[in-house]
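These notes concern the structure reproduced below.
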Amino acid sequence: MKRLLSPLLAIGLLSASAAHSAGQTAYFADLPGQSGYRAAWSKMLKAEKQIPAWIRSARATSTPVAAARIDGKRYVYGDMCKPHDCFSHRFLGLFSQDKRQAWGLEVSLPGDAQADDAPAKRASYRWYGKPDAAQRDYLMKQLQADPNWK
């Protein structure tokens with residue numbers, strides 16, 4: 001437990017959101033709207049074209065943030081999905097510990113894929129923020145850890 005708590009404190013998750021500082025959980029989709037993370041989110045999306053509105057605005061259903069360590073560096077990790085269409089439209093993301101950079105993976109499935117037993121075979125992937133190989137590997141492993149992702 002001590003190993004888990006230390007990275008959480010180091011990343012500053014206690015200040016990740018006003019809700020969290022009040023003893024509530026911080027959710028990934030809340031971070032892009034906060035002053036500490038807003039610039040990194042905007043920078044990640046700046047060069048991109050045709051970004052889905054739910055990603056651009058981070059108006060999404062979301063998971064609580066979590067600490068991540070990749071190649072010795074600390075990050076804030078979380079994922080979110082398009083409201084009412086989580087199965088077909090997901091976004092997994094990372095923020096650097098200093099909140100200056102963000103990276104993400106958009107995962108999309110065709111509308112008829114919900115009946116598919118192997119969604120990974122039909123998915124399309126789009127990277128944001130030019131993640132390096134280790135960051136890409138981490139995000140893909142998070143996706144593959146989902147028991148519904150085959």
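We name chains A, B, ... following the order of the structure tokens; residues begin at 1 in each chain, and ligands are numbered from 1 as shown.
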Identify, on the basis of only C-alpha atoms, every residue whose closest approach to segment 119-127 of chain A does not exceed 6 Å; exclude the query and any residue fewer than 5 positions from it along the same chain; express the result as a list in words.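 What passes the distance filter is Gly104, Leu105, Glu106, Val107, Ser108, Leu109 and Lys150 of chain A.
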Using DSSP on the backbone coordinates, identify all residues within segment 6-150 of chain A classified as strand (DSSP E or B); present the result as a ChimeraX atom specification. /A:27,61-62,64,66-70,73-81,89-96,102-108,124-128
Calculated over only C-alpha atoms, which of the candidates A:Ser42, A:Gln101, A:Thr25, A:Gln144 has the smallest distance to Ala118 of chain A?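 Residue with the minimum atom-to-atom distance to Ala118 of chain A: A:Gln144.
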Hey, which of A:Leu143, A:Ala26, A:Ile55, A:Ala134 ends up closest to Arg69 of chain A? Count only C-alpha atoms.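 Closest candidate: A:Ala134.
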I want to know what sits within 8 Å of Leu94 of chain A, based on only C-alpha atoms, with residues of the same chain fewer than 5 positions away left out; could you give that as a list in words?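 Final neighbour list, sorted by chain and number: Tyr75, Val76, Tyr77, Gly78, Ala102, Trp103 and Gly104 of chain A.
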12 Å contact set for Ala40 of chain A, only C-alpha atoms, chain neighbours under 5 positions out, as a PDB file with C-alpha atoms, in the first residue's frame:
```pdb
ATOM      1  CA  LEU A  31      -8.909  17.363 -15.649  1.00  0.00           C
ATOM      2  CA  PRO A  32      -8.899  19.124 -19.077  1.00  0.00           C
ATOM      3  CA  GLY A  33     -11.201  21.792 -17.660  1.00  0.00           C
ATOM      4  CA  GLN A  34      -8.894  22.591 -14.755  1.00  0.00           C
ATOM      5  CA  SER A  35      -6.359  25.386 -15.060  1.00  0.00           C
ATOM      6  CA  LEU A  45      -5.234  18.659 -29.604  1.00  0.00           C
ATOM      7  CA  LYS A  46      -3.827  21.748 -31.367  1.00  0.00           C
ATOM      8  CA  GLY A  93      -5.055   9.368 -21.669  1.00  0.00           C
ATOM      9  CA  LEU A  94      -1.991  10.429 -19.740  1.00  0.00           C
ATOM     10  CA  PHE A  95      -0.899  13.738 -18.246  1.00  0.00           C
ATOM     11  CA  SER A  96       2.713  14.323 -17.238  1.00  0.00           C
ATOM     12  CA  GLN A  97       3.359  14.795 -13.541  1.00  0.00           C
ATOM     13  CA  ASP A  98       4.130  18.478 -14.114  1.00  0.00           C
ATOM     14  CA  LYS A  99       0.839  18.861 -16.060  1.00  0.00           C
ATOM     15  CA  ARG A 100       2.673  20.294 -19.097  1.00  0.00           C
ATOM     16  CA  GLN A 101       1.976  17.476 -21.541  1.00  0.00           C
ATOM     17  CA  ALA A 102      -0.845  15.136 -22.426  1.00  0.00           C
ATOM     18  CA  TRP A 103      -1.075  12.076 -24.645  1.00  0.00           C
ATOM     19  CA  GLY A 104      -3.969   9.933 -25.630  1.00  0.00           C
ATOM     20  CA  TYR A 128      -2.847  12.241 -29.800  1.00  0.00           C
ATOM     21  CA  GLY A 129       0.139  14.211 -28.535  1.00  0.00           C
TER      22      GLY A 129
END
```
Write down as number ranges by chain the residues belonging to chain A that are assigned alpha helix (DSSP H) by DSSP computed on the backbone. A: 2-11, 18-21, 35-45, 53-56, 133-144
For those residues, write C-alpha atoms to a file as a compact mmCIF listing (two decimals), in the first residue's frame.
```txt
# COMPACT_ATOMS: atom_id res chain seq x y z
CA LYS A 2 2.87 2.35 0.79
CA ARG A 3 4.25 1.97 -2.76
CA LEU A 4 0.88 2.92 -4.23
CA LEU A 5 0.23 5.85 -1.91
CA SER A 6 3.63 7.46 -2.44
CA PRO A 7 3.23 7.88 -6.23
CA LEU A 8 -0.31 9.15 -5.74
CA LEU A 9 0.90 11.87 -3.43
CA ALA A 10 3.90 12.66 -5.61
CA ILE A 11 1.76 13.16 -8.66
CA ALA A 18 -11.55 20.72 -6.22
CA ALA A 19 -13.84 17.76 -5.72
CA HIS A 20 -10.94 15.55 -4.81
CA SER A 21 -9.58 18.01 -2.27
CA SER A 35 -6.36 25.39 -15.06
CA GLY A 36 -3.44 23.10 -14.23
CA TYR A 37 -4.25 20.69 -17.07
CA ARG A 38 -6.08 22.86 -19.62
CA ALA A 39 -2.96 24.03 -21.48
CA ALA A 40 -1.61 20.49 -21.87
CA TRP A 41 -4.97 19.27 -23.22
CA SER A 42 -5.13 22.14 -25.71
CA LYS A 43 -1.54 21.56 -26.79
CA MET A 44 -2.25 17.86 -27.37
CA LEU A 45 -5.23 18.66 -29.60
CA ALA A 53 -16.57 17.02 -29.88
CA TRP A 54 -16.77 14.80 -26.80
CA ILE A 55 -12.95 14.49 -26.80
CA ARG A 56 -12.27 18.16 -27.55
CA ALA A 133 6.67 3.79 -27.64
CA ALA A 134 6.52 3.20 -23.87
CA GLN A 135 3.49 5.48 -23.47
CA ARG A 136 1.75 3.77 -26.39
CA ASP A 137 2.48 0.37 -24.90
CA TYR A 138 1.08 1.45 -21.53
CA LEU A 139 -2.14 2.80 -23.04
CA MET A 140 -2.63 -0.31 -25.17
CA LYS A 141 -2.08 -2.54 -22.13
CA GLN A 142 -4.72 -0.57 -20.22
CA LEU A 143 -7.15 -1.12 -23.08
CA GLN A 144 -6.33 -4.82 -23.32
```
Take atom CA of Trp149 of chain A and atom CA of Cys81 of chain A and report the distance between them in Å, one decimal. 14.4 Å
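Here atom CA of Pro110 of chain A stands at a distance of 28.8 Å from atom CA of Ala66 of chain A.
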Interatomic distance, atom CA of Gly72 of chain A to atom CA of Leu92 of chain A (Å, one decimal):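 Going from atom CA of Gly72 of chain A over to atom CA of Leu92 of chain A covers 19.9 Å.
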Go through A:Pro52, A:Tyr27, A:Ala60, A:Ala47 one by one, measure the shortest atom-to-atom distance of each to Lys82 of chain A using only C-alpha atoms, and give the residue with the smallest value.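 Going through A:Pro52, A:Tyr27, A:Ala60, A:Ala47 one by one, the smallest distance to Lys82 of chain A is for A:Ala60.
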